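**Student:** Sharing work-v8.cif below, mmCIF, C-alpha atoms and all ligand atoms:
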```cif
data_target
loop_
_atom_site.label_atom_id
_atom_site.label_comp_id
_atom_site.auth_asym_id
_atom_site.auth_seq_id
_atom_site.Cartn_x
_atom_site.Cartn_y
_atom_site.Cartn_z
CA MET A 1 -33.38 -24.50 20.35
CA ILE A 2 -33.78 -23.30 23.89
CA ALA A 3 -32.97 -24.29 27.48
CA ILE A 4 -33.50 -22.93 30.98
CA SER A 5 -30.87 -22.76 33.68
CA ILE A 6 -32.25 -22.58 37.22
CA ALA A 7 -29.27 -21.51 39.28
CA GLY A 8 -27.48 -18.85 41.29
CA TYR A 9 -25.87 -15.62 40.08
CA ASP A 10 -22.09 -15.40 40.35
CA PRO A 11 -21.16 -11.81 39.41
CA SER A 12 -17.58 -12.87 38.67
CA GLY A 13 -18.96 -14.71 35.65
CA GLY A 14 -17.16 -17.96 36.42
CA ALA A 15 -19.98 -20.12 37.72
CA GLY A 16 -23.76 -20.13 37.95
CA ILE A 17 -26.20 -18.49 35.56
CA LEU A 18 -23.67 -16.38 33.63
CA ASN A 19 -21.56 -19.43 32.95
CA ASP A 20 -24.58 -21.50 31.91
CA ILE A 21 -25.85 -18.86 29.48
CA LYS A 22 -22.39 -18.47 27.93
CA THR A 23 -22.14 -22.24 27.54
CA PHE A 24 -25.60 -22.53 25.97
CA HIS A 25 -24.75 -19.69 23.60
CA ALA A 26 -21.35 -21.14 22.65
CA LEU A 27 -23.09 -24.37 21.70
CA GLY A 28 -25.82 -22.64 19.70
CA VAL A 29 -28.68 -22.91 22.20
CA TYR A 30 -30.78 -19.92 23.34
CA GLY A 31 -30.39 -19.60 27.10
CA THR A 32 -33.04 -18.47 29.56
CA ALA A 33 -32.40 -18.26 33.28
CA VAL A 34 -34.28 -18.43 36.57
CA ILE A 35 -32.25 -16.99 39.43
CA THR A 36 -32.42 -18.71 42.82
CA VAL A 37 -29.85 -16.65 44.74
CA LEU A 38 -27.56 -13.68 44.28
CA THR A 39 -24.01 -14.19 45.47
CA ALA A 40 -21.13 -11.78 46.01
CA GLN A 41 -17.99 -13.71 45.11
CA ASN A 42 -14.77 -14.12 43.21
CA PRO A 43 -12.98 -17.40 42.50
CA ASN A 44 -11.37 -17.33 45.96
CA LYS A 45 -14.26 -16.46 48.23
CA ILE A 46 -18.01 -16.22 48.71
CA ALA A 47 -18.60 -12.86 50.43
CA GLY A 48 -22.39 -13.16 50.69
CA ILE A 49 -25.57 -14.89 49.53
CA GLU A 50 -29.05 -13.33 49.20
CA SER A 51 -31.80 -15.76 48.36
CA VAL A 52 -34.79 -15.17 46.08
CA SER A 53 -38.12 -16.36 47.56
CA THR A 54 -39.46 -19.72 46.39
CA ASP A 55 -42.64 -17.93 45.18
CA PHE A 56 -40.62 -15.57 43.02
CA ILE A 57 -38.55 -18.43 41.61
CA GLU A 58 -41.86 -20.05 40.63
CA LYS A 59 -43.02 -16.81 39.02
CA GLN A 60 -39.81 -16.51 36.95
CA LEU A 61 -40.12 -20.10 35.75
CA GLU A 62 -43.83 -20.04 34.96
CA THR A 63 -43.48 -16.78 33.03
CA ILE A 64 -40.79 -18.28 30.80
CA LEU A 65 -42.72 -21.51 30.30
CA GLU A 66 -45.86 -19.58 29.39
CA ASP A 67 -44.22 -18.08 26.31
CA TYR A 68 -41.30 -20.30 25.27
CA PRO A 69 -41.39 -23.90 24.02
CA VAL A 70 -38.78 -25.11 26.50
CA LYS A 71 -38.28 -28.83 27.05
CA HIS A 72 -34.84 -28.92 28.72
CA VAL A 73 -33.79 -27.56 32.09
CA LYS A 74 -30.60 -27.69 34.07
CA THR A 75 -30.35 -26.89 37.73
CA GLY A 76 -27.34 -25.55 39.60
CA MET A 77 -27.37 -23.82 42.98
CA LEU A 78 -30.90 -24.35 44.33
CA TYR A 79 -29.95 -23.41 47.89
CA SER A 80 -33.00 -24.68 49.86
CA LYS A 81 -35.21 -27.72 50.32
CA GLU A 82 -38.29 -25.65 49.40
CA ASN A 83 -36.70 -24.68 46.09
CA ILE A 84 -35.79 -28.30 45.36
CA LYS A 85 -39.38 -29.41 45.98
CA LEU A 86 -40.74 -26.63 43.78
CA ILE A 87 -38.45 -27.46 40.86
CA SER A 88 -39.20 -31.15 41.17
CA ASP A 89 -42.97 -30.45 40.96
CA LYS A 90 -42.51 -28.14 37.97
CA VAL A 91 -40.39 -30.68 36.10
CA VAL A 92 -43.15 -33.26 36.51
CA ASP A 93 -46.03 -30.83 35.74
CA HIS A 94 -44.40 -29.48 32.57
CA LYS A 95 -42.78 -32.81 31.54
CA LEU A 96 -39.34 -31.18 31.41
CA LYS A 97 -36.11 -33.03 30.70
CA LEU A 98 -33.83 -32.31 33.63
CA VAL A 99 -30.05 -32.29 34.15
CA VAL A 100 -29.05 -31.75 37.79
CA ASP A 101 -25.72 -30.31 38.85
CA PRO A 102 -26.14 -31.01 42.59
CA VAL A 103 -24.32 -27.86 43.69
CA MET A 104 -23.53 -27.90 47.40
CA ILE A 105 -19.97 -26.65 47.89
CA ALA A 106 -17.95 -24.00 46.00
CA SER A 107 -14.48 -24.91 44.73
CA CYS A 108 -13.07 -22.52 47.39
CA GLY A 109 -14.73 -24.76 50.01
CA ALA A 110 -17.65 -22.48 51.02
CA SER A 111 -21.12 -23.95 51.48
CA LEU A 112 -23.66 -23.04 48.79
CA THR A 113 -26.74 -24.36 50.61
CA SER A 114 -28.98 -23.30 53.47
CA GLY A 115 -28.59 -26.73 55.12
CA ASN A 116 -27.87 -30.35 54.24
CA LEU A 117 -29.52 -30.76 50.84
CA ALA A 118 -28.23 -34.19 49.78
CA LYS A 119 -31.29 -35.97 51.16
CA SER A 120 -33.79 -33.65 49.44
CA ILE A 121 -31.90 -33.76 46.14
CA LYS A 122 -32.06 -37.57 46.25
CA LYS A 123 -35.67 -37.72 47.36
CA TYR A 124 -37.28 -35.06 45.17
CA LEU A 125 -35.01 -34.14 42.28
CA LEU A 126 -33.00 -37.15 41.13
CA PRO A 127 -36.00 -39.44 40.50
CA ASN A 128 -37.09 -36.98 37.76
CA THR A 129 -33.63 -36.49 36.29
CA ILE A 130 -31.97 -37.63 33.03
CA LEU A 131 -28.45 -37.10 34.40
CA THR A 132 -26.82 -35.75 37.53
CA THR A 133 -23.25 -34.44 37.41
CA PRO A 134 -21.77 -34.39 40.93
CA ASN A 135 -18.13 -33.63 41.58
CA ILE A 136 -16.35 -35.89 44.03
CA GLU A 137 -17.46 -34.06 47.21
CA GLU A 138 -21.07 -33.96 45.99
CA ALA A 139 -20.95 -37.64 45.00
CA GLU A 140 -19.68 -38.43 48.51
CA LYS A 141 -22.63 -36.54 50.01
CA LEU A 142 -25.17 -38.20 47.70
CA SER A 143 -23.79 -41.74 48.11
CA GLY A 144 -22.44 -41.69 51.67
CA ILE A 145 -19.22 -43.26 50.27
CA ASN A 146 -15.80 -41.62 50.78
CA ILE A 147 -14.07 -41.39 47.41
CA HIS A 148 -10.28 -41.80 47.34
CA SER A 149 -9.93 -43.90 44.18
CA ILE A 150 -11.60 -44.78 40.90
CA ASP A 151 -12.97 -47.92 42.57
CA ASP A 152 -14.64 -45.84 45.28
CA ALA A 153 -16.10 -43.52 42.63
CA MET A 154 -17.46 -46.52 40.71
CA LYS A 155 -19.20 -47.73 43.88
CA ALA A 156 -20.62 -44.26 44.50
CA ALA A 157 -21.82 -44.00 40.88
CA GLU A 158 -23.54 -47.38 41.15
CA LYS A 159 -25.28 -46.28 44.33
CA ILE A 160 -26.45 -42.91 42.97
CA GLY A 161 -27.25 -44.72 39.69
CA LYS A 162 -30.04 -46.61 41.47
CA ILE A 163 -31.96 -43.31 41.32
CA CYS A 164 -30.82 -41.81 37.98
CA ASN A 165 -27.97 -41.74 35.46
CA VAL A 166 -24.90 -40.12 36.94
CA ILE A 167 -21.48 -38.91 35.92
CA ILE A 168 -18.96 -38.10 38.63
CA THR A 169 -16.80 -35.28 37.32
CA GLY A 170 -14.17 -32.95 38.59
CA GLY A 171 -10.81 -33.65 37.06
CA HIS A 172 -9.44 -35.55 40.06
CA LEU A 173 -9.21 -39.36 39.70
CA ASN A 174 -6.48 -39.02 37.01
CA GLY A 175 -8.76 -36.77 34.97
CA SER A 176 -11.32 -39.55 34.51
CA ASN A 177 -15.09 -39.20 34.85
CA ILE A 178 -17.17 -42.10 36.14
CA PHE A 179 -20.44 -42.66 34.27
CA PHE A 180 -23.30 -44.94 35.30
CA ASN A 181 -26.31 -45.55 33.06
CA GLY A 182 -27.21 -49.12 33.91
CA SER A 183 -23.57 -50.17 34.01
CA VAL A 184 -20.49 -48.30 35.14
CA LYS A 185 -17.91 -46.86 32.71
CA VAL A 186 -14.67 -45.01 33.36
CA ILE A 187 -14.37 -42.21 30.79
CA LYS A 188 -10.68 -41.45 30.56
CA GLY A 189 -9.62 -37.81 30.49
CA ASP A 190 -6.45 -35.76 30.76
CA ILE A 191 -5.23 -33.77 33.71
CA ILE A 192 -4.77 -30.17 32.57
CA GLU A 193 -2.75 -27.81 34.76
CA SER A 194 -4.71 -24.56 34.76
CA GLU A 195 -6.08 -21.83 36.99
CA ASN A 196 -9.19 -21.60 34.82
CA ILE A 197 -11.25 -24.09 36.74
CA HIS A 198 -13.85 -21.93 38.53
CA GLY A 199 -17.20 -23.02 37.13
CA THR A 200 -16.10 -26.14 35.28
CA GLY A 201 -18.99 -28.10 36.87
CA CYS A 202 -21.52 -25.52 35.68
CA SER A 203 -20.03 -25.53 32.17
CA TYR A 204 -20.07 -29.31 32.03
CA SER A 205 -23.72 -29.72 33.01
CA ALA A 206 -24.80 -26.81 30.79
CA ALA A 207 -22.93 -28.32 27.84
CA VAL A 208 -24.63 -31.69 28.39
CA THR A 209 -28.01 -29.92 28.49
CA ALA A 210 -27.30 -27.90 25.33
CA SER A 211 -26.25 -31.08 23.51
CA LEU A 212 -29.44 -32.86 24.57
CA VAL A 213 -31.45 -29.88 23.28
CA LYS A 214 -29.64 -30.28 19.95
CA GLY A 215 -30.77 -33.90 19.74
CA TYR A 216 -27.62 -35.76 20.73
CA ASN A 217 -28.10 -38.81 22.93
CA LEU A 218 -26.79 -38.94 26.48
CA LEU A 219 -23.47 -40.60 25.64
CA GLN A 220 -22.78 -38.18 22.79
CA SER A 221 -23.76 -35.26 25.03
CA ILE A 222 -21.30 -36.37 27.69
CA GLU A 223 -18.52 -36.58 25.10
CA ILE A 224 -19.32 -33.11 23.74
CA ALA A 225 -19.44 -31.65 27.26
CA GLY A 226 -16.08 -33.23 28.12
CA GLU A 227 -14.51 -31.75 25.01
CA PHE A 228 -16.14 -28.36 25.63
CA VAL A 229 -14.88 -28.10 29.21
CA LYS A 230 -11.40 -29.26 28.22
CA ASN A 231 -11.22 -26.51 25.59
CA SER A 232 -12.65 -23.96 28.00
CA VAL A 233 -10.01 -24.77 30.60
CA ILE A 234 -7.22 -24.62 28.02
CA ASN A 235 -8.47 -21.39 26.41
CA GLY A 236 -10.05 -19.69 29.45
CA GLU A 237 -9.16 -16.32 30.91
CA TRP A 238 -9.73 -14.63 34.28
CA GLY A 239 -10.01 -17.97 36.03
CA THR A 240 -13.19 -18.57 34.11
CA LEU A 241 -14.36 -20.50 31.10
CA ASN A 242 -16.10 -20.39 27.80
CA GLN A 243 -14.01 -18.92 25.10
CA LEU A 244 -16.22 -19.18 22.07
CA TYR A 245 -14.91 -21.82 19.77
CA GLU A 246 -16.11 -23.85 16.86
CA LEU A 247 -17.07 -27.33 17.94
CA LYS A 248 -16.18 -29.64 15.10
CA LEU A 249 -18.32 -32.75 15.04
O1 LIG B 1 -19.51 -24.15 40.92
C1 LIG B 1 -20.59 -24.21 41.76
C2 LIG B 1 -21.37 -22.95 41.79
C3 LIG B 1 -22.61 -22.93 41.22
N1 LIG B 1 -23.40 -21.82 41.23
C4 LIG B 1 -22.98 -20.68 41.81
C5 LIG B 1 -21.75 -20.65 42.40
C6 LIG B 1 -20.91 -21.80 42.39
C7 LIG B 1 -19.59 -21.75 42.97
O2 LIG B 1 -19.09 -20.80 43.46
O3 LIG B 1 -21.37 -19.52 42.95
C8 LIG B 1 -23.86 -19.49 41.78
#
```
Re-express the file's structure as structure tokens.
**Tutor:**
Amino acid sequence: MIAISIAGYDPSGGAGILNDIKTFHALGVYGTAVITVLTAQNPNKIAGIESVSTDFIEKQLETILEDYPVKHVKTGMLYSKENIKLISDKVVDHKLKLVVDPVMIASCGASLTSGNLAKSIKKYLLPNTILTTPNIEEAEKLSGINIHSIDDAMKAAEKIGKICNVIITGGHLNGSNIFFNGSVKVIKGDIIESENIHGTGCSYSAAVTASLVKGYNLLQSIEIAGEFVKNSVINGEWGTLNQLYELKL
């Protein structure tokens, strides 16, 4: 059981590739990783971003695909339109099952893109995607709808849902997530007071991907990911996630 994360490197271990690999591992899936950017950051600030060339991202991905029977990919921080186009082409060429965390803004408010990427994500990536997992700000960018309530989020989910299945996450909206896969559902959650929230979006989308790899359907995978992130927030340390724990199913 194997998956690829195509994402950025957060040396603080909270978000990005390190988080994804820890999440895959915690759920029993072998993690491989294609790095799109290096960042210098901690949970409170992004001090710098150095991008990897689109050609070298392609080389990393092709080299993994040449030797590993990977069917599932998740994307995180893709950073540029060129990278988005590349990944979209590769997903189609290699018939990969794709989960997209449409990373655009860090929880500290810093931009994680080289420009406005919402349009390219919608045009190139989402049509080839099993599930996208925007937080509220990202869902606003993808839908063009300001989200102040569960009703607003349902409208945004329906709009994004015209392109692919979507779950709007993020722990606001009374802890609920809004899921659209043909019809809209409010998945009730709890609000947990915690400082361990850096990287929750990465953990969530990686946990969905790992669950799909393990053969769970989309609804089951969403439930597992919700449970995983809740436990990670409760048991986390250092403002990060992913204490190893036994998932009882
Ligand atoms: O949580 C979004 C995110 C994703 N990927 C990387 C990040 C962040 C937020 O800081 O740094 C690499």
**Student:** Please find the residues contacting ligand LIG 1 (chain B) at a distance of at most 7 Å between atoms, with all atoms listed in the file counted, and report them as a list in words.
**Tutor:**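 My answer, listing the contacting residues, is Ala7, Gly8, Tyr9, Asp10, Ala15, Gly16, Ile17, Thr39, Gly76, Met77, Val103, Ile105, Ala106, Ser107, His198, Gly199, Thr200, Gly201 and Cys202 of chain A.
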**Student:** Set the distance at 10 Å and use all atoms listed in the file: which residues neighbour His94 in chain A once local chain neighbours fewer than 2 positions away are removed? I'd like the list as a list in words.
**Tutor:** Glu62, Leu65, Val70, Lys71, Asp89, Lys90, Val91, Val92, Leu96 and Lys97 of chain A
**Student:** Between CA of Ala207 in chain A and CA of Ile130 in chain A, measure the distance and give it in Å to one decimal.
**Tutor:** 14.0 Å
**Student:** Figure out the distance between CA of Lys162 in chain A and CA of Ile224 in chain A, please, to one decimal in Å.
**Tutor:** 24.7 Å
**Student:** What gap, in Å, lies between CA of Ser88 in chain A and CA of Asn128 in chain A?
**Tutor:**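 CA of Asn128 in chain A lies 7.1 Å from CA of Ser88 in chain A.
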**Student:** Determine, counting all atoms listed in the file, every residue of protein, DNA or RNA that lies within 12 Å of (-38.2, -22.9, 37.8) in the file coordinates, then give the result as a VMD selection string.
**Tutor:** chain A and resid 3 to 8 32 to 36 52 to 66 70 72 to 76 78 82 to 94 96 98
**Student:** Using all atoms listed in the file for the distances, tell me which of A:Met1, A:Ile167, A:Ser221, A:Val100 is nearest to Gly28 in chain A.
**Tutor:** A:Met1
**Student:** Using only C-alpha atoms, find the one residue out of A:Ala206, A:Ile222, A:Leu131, A:Ala139 that sits nearest to Ala118 in chain A.
**Tutor:**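 Of A:Ala206, A:Ile222, A:Leu131, A:Ala139, the one nearest Ala118 in chain A, counting only C-alpha atoms, is A:Ala139.
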**Student:** Nearest to Ile163 in chain A: which of A:Thr129, A:Asn146, A:Pro134, A:Asp67 is it, counting all atoms listed in the file?
**Tutor:** A:Thr129
**Student:** Select, from A:Ser111, A:Pro102, A:Ile2, A:Ser194, the residue with the minimum atom-to-atom distance to Gly48 in chain A, counting all atoms listed in the file.
**Tutor:**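 Using all atoms listed in the file, Gly48 in chain A sits closest to A:Ser111.
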**Student:** Can you pull out every residue within 8 Å of Asn181 in chain A, counting only C-alpha atoms, but drop anything in the same chain fewer than 5 positions away, and send it as a ChimeraX atom specification?
**Tutor:** /A:161,164-166
**Student:** Ser203 in chain A: which residues within 7 Å, counting only C-alpha atoms, same-chain residues fewer than 6 positions away excluded, as a list in words?
**Tutor:**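 Everything that qualifies: Asn19, Asp20, Thr23 and Val229 of chain A.
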**Student:** Mind checking which residues fall within 10 Å of range 176-178 of chain A, counting all atoms listed in the file, ignoring those fewer than 4 positions away in the same chain, and posting them as an mmCIF file with C-alpha atoms, in the coordinates of the input?
**Tutor:**
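File written: result27.cif
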```
data_model
loop_
_atom_site.group_PDB
_atom_site.id
_atom_site.type_symbol
_atom_site.label_atom_id
_atom_site.label_comp_id
_atom_site.auth_asym_id
_atom_site.auth_seq_id
_atom_site.Cartn_x
_atom_site.Cartn_y
_atom_site.Cartn_z
ATOM 1 C CA THR A 133 -23.250 -34.440 37.410
ATOM 2 C CA ASN A 135 -18.130 -33.630 41.580
ATOM 3 C CA ILE A 136 -16.350 -35.890 44.030
ATOM 4 C CA ILE A 150 -11.600 -44.780 40.900
ATOM 5 C CA ASP A 151 -12.970 -47.920 42.570
ATOM 6 C CA ALA A 153 -16.100 -43.520 42.630
ATOM 7 C CA MET A 154 -17.460 -46.520 40.710
ATOM 8 C CA LYS A 155 -19.200 -47.730 43.880
ATOM 9 C CA ALA A 156 -20.620 -44.260 44.500
ATOM 10 C CA ALA A 157 -21.820 -44.000 40.880
ATOM 11 C CA GLU A 158 -23.540 -47.380 41.150
ATOM 12 C CA VAL A 166 -24.900 -40.120 36.940
ATOM 13 C CA ILE A 167 -21.480 -38.910 35.920
ATOM 14 C CA ILE A 168 -18.960 -38.100 38.630
ATOM 15 C CA THR A 169 -16.800 -35.280 37.320
ATOM 16 C CA GLY A 170 -14.170 -32.950 38.590
ATOM 17 C CA GLY A 171 -10.810 -33.650 37.060
ATOM 18 C CA HIS A 172 -9.440 -35.550 40.060
ATOM 19 C CA VAL A 184 -20.490 -48.300 35.140
ATOM 20 C CA LYS A 185 -17.910 -46.860 32.710
ATOM 21 C CA VAL A 186 -14.670 -45.010 33.360
ATOM 22 C CA ILE A 187 -14.370 -42.210 30.790
ATOM 23 C CA LYS A 188 -10.680 -41.450 30.560
ATOM 24 C CA GLY A 189 -9.620 -37.810 30.490
ATOM 25 C CA ASP A 190 -6.450 -35.760 30.760
ATOM 26 C CA ILE A 191 -5.230 -33.770 33.710
ATOM 27 C CA ILE A 222 -21.300 -36.370 27.690
ATOM 28 C CA GLY A 226 -16.080 -33.230 28.120
#
```
**Student:** Between A:Leu218, A:Ile147, A:Ile160, A:Ile197, which one has atoms that come closest to Leu173 in chain A, using only C-alpha atoms?
**Tutor:**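 Checking each of A:Leu218, A:Ile147, A:Ile160, A:Ile197 against Leu173 in chain A, counting only C-alpha atoms, the winner is A:Ile147.
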**Student:** Please fill the gaps in range 22-33 of chain A so it has N, CA, C and O atoms, and write that as a PDB file, keeping the file's coordinate frame.
**Tutor:**
```
ATOM      1  N   LYS A  22     -23.501 -18.520  28.890  1.00  0.00           N
ATOM      2  CA  LYS A  22     -22.390 -18.470  27.930  1.00  0.00           C
ATOM      3  C   LYS A  22     -22.188 -19.832  27.270  1.00  0.00           C
ATOM      4  O   LYS A  22     -21.910 -19.925  26.081  1.00  0.00           O
ATOM      5  N   THR A  23     -22.331 -20.884  28.077  1.00  0.00           N
ATOM      6  CA  THR A  23     -22.140 -22.240  27.540  1.00  0.00           C
ATOM      7  C   THR A  23     -23.240 -22.573  26.535  1.00  0.00           C
ATOM      8  O   THR A  23     -22.958 -23.077  25.436  1.00  0.00           O
ATOM      9  N   PHE A  24     -24.490 -22.283  26.914  1.00  0.00           N
ATOM     10  CA  PHE A  24     -25.600 -22.530  25.970  1.00  0.00           C
ATOM     11  C   PHE A  24     -25.322 -21.798  24.656  1.00  0.00           C
ATOM     12  O   PHE A  24     -25.446 -22.349  23.573  1.00  0.00           O
ATOM     13  N   HIS A  25     -24.953 -20.530  24.780  1.00  0.00           N
ATOM     14  CA  HIS A  25     -24.750 -19.690  23.600  1.00  0.00           C
ATOM     15  C   HIS A  25     -23.613 -20.237  22.726  1.00  0.00           C
ATOM     16  O   HIS A  25     -23.738 -20.326  21.500  1.00  0.00           O
ATOM     17  N   ALA A  26     -22.505 -20.624  23.399  1.00  0.00           N
ATOM     18  CA  ALA A  26     -21.350 -21.140  22.650  1.00  0.00           C
ATOM     19  C   ALA A  26     -21.721 -22.383  21.854  1.00  0.00           C
ATOM     20  O   ALA A  26     -21.138 -22.667  20.819  1.00  0.00           O
ATOM     21  N   LEU A  27     -22.697 -23.137  22.374  1.00  0.00           N
ATOM     22  CA  LEU A  27     -23.090 -24.370  21.700  1.00  0.00           C
ATOM     23  C   LEU A  27     -24.339 -24.180  20.827  1.00  0.00           C
ATOM     24  O   LEU A  27     -24.940 -25.147  20.363  1.00  0.00           O
ATOM     25  N   GLY A  28     -24.742 -22.930  20.646  1.00  0.00           N
ATOM     26  CA  GLY A  28     -25.820 -22.640  19.700  1.00  0.00           C
ATOM     27  C   GLY A  28     -27.225 -22.833  20.257  1.00  0.00           C
ATOM     28  O   GLY A  28     -28.166 -23.049  19.494  1.00  0.00           O
ATOM     29  N   VAL A  29     -27.362 -22.755  21.575  1.00  0.00           N
ATOM     30  CA  VAL A  29     -28.680 -22.910  22.200  1.00  0.00           C
ATOM     31  C   VAL A  29     -29.054 -21.590  22.881  1.00  0.00           C
ATOM     32  O   VAL A  29     -28.219 -20.976  23.559  1.00  0.00           O
ATOM     33  N   TYR A  30     -30.310 -21.166  22.700  1.00  0.00           N
ATOM     34  CA  TYR A  30     -30.780 -19.920  23.340  1.00  0.00           C
ATOM     35  C   TYR A  30     -30.973 -20.186  24.836  1.00  0.00           C
ATOM     36  O   TYR A  30     -31.693 -21.106  25.230  1.00  0.00           O
ATOM     37  N   GLY A  31     -30.339 -19.357  25.657  1.00  0.00           N
ATOM     38  CA  GLY A  31     -30.390 -19.600  27.100  1.00  0.00           C
ATOM     39  C   GLY A  31     -31.368 -18.685  27.806  1.00  0.00           C
ATOM     40  O   GLY A  31     -31.379 -17.470  27.585  1.00  0.00           O
ATOM     41  N   THR A  32     -32.215 -19.266  28.649  1.00  0.00           N
ATOM     42  CA  THR A  32     -33.040 -18.470  29.560  1.00  0.00           C
ATOM     43  C   THR A  32     -32.611 -18.849  30.974  1.00  0.00           C
ATOM     44  O   THR A  32     -31.989 -19.895  31.172  1.00  0.00           O
ATOM     45  N   ALA A  33     -32.949 -18.008  31.958  1.00  0.00           N
ATOM     46  CA  ALA A  33     -32.400 -18.260  33.280  1.00  0.00           C
ATOM     47  C   ALA A  33     -33.365 -17.843  34.387  1.00  0.00           C
ATOM     48  O   ALA A  33     -33.952 -16.770  34.338  1.00  0.00           O
TER      49      ALA A  33
END
```
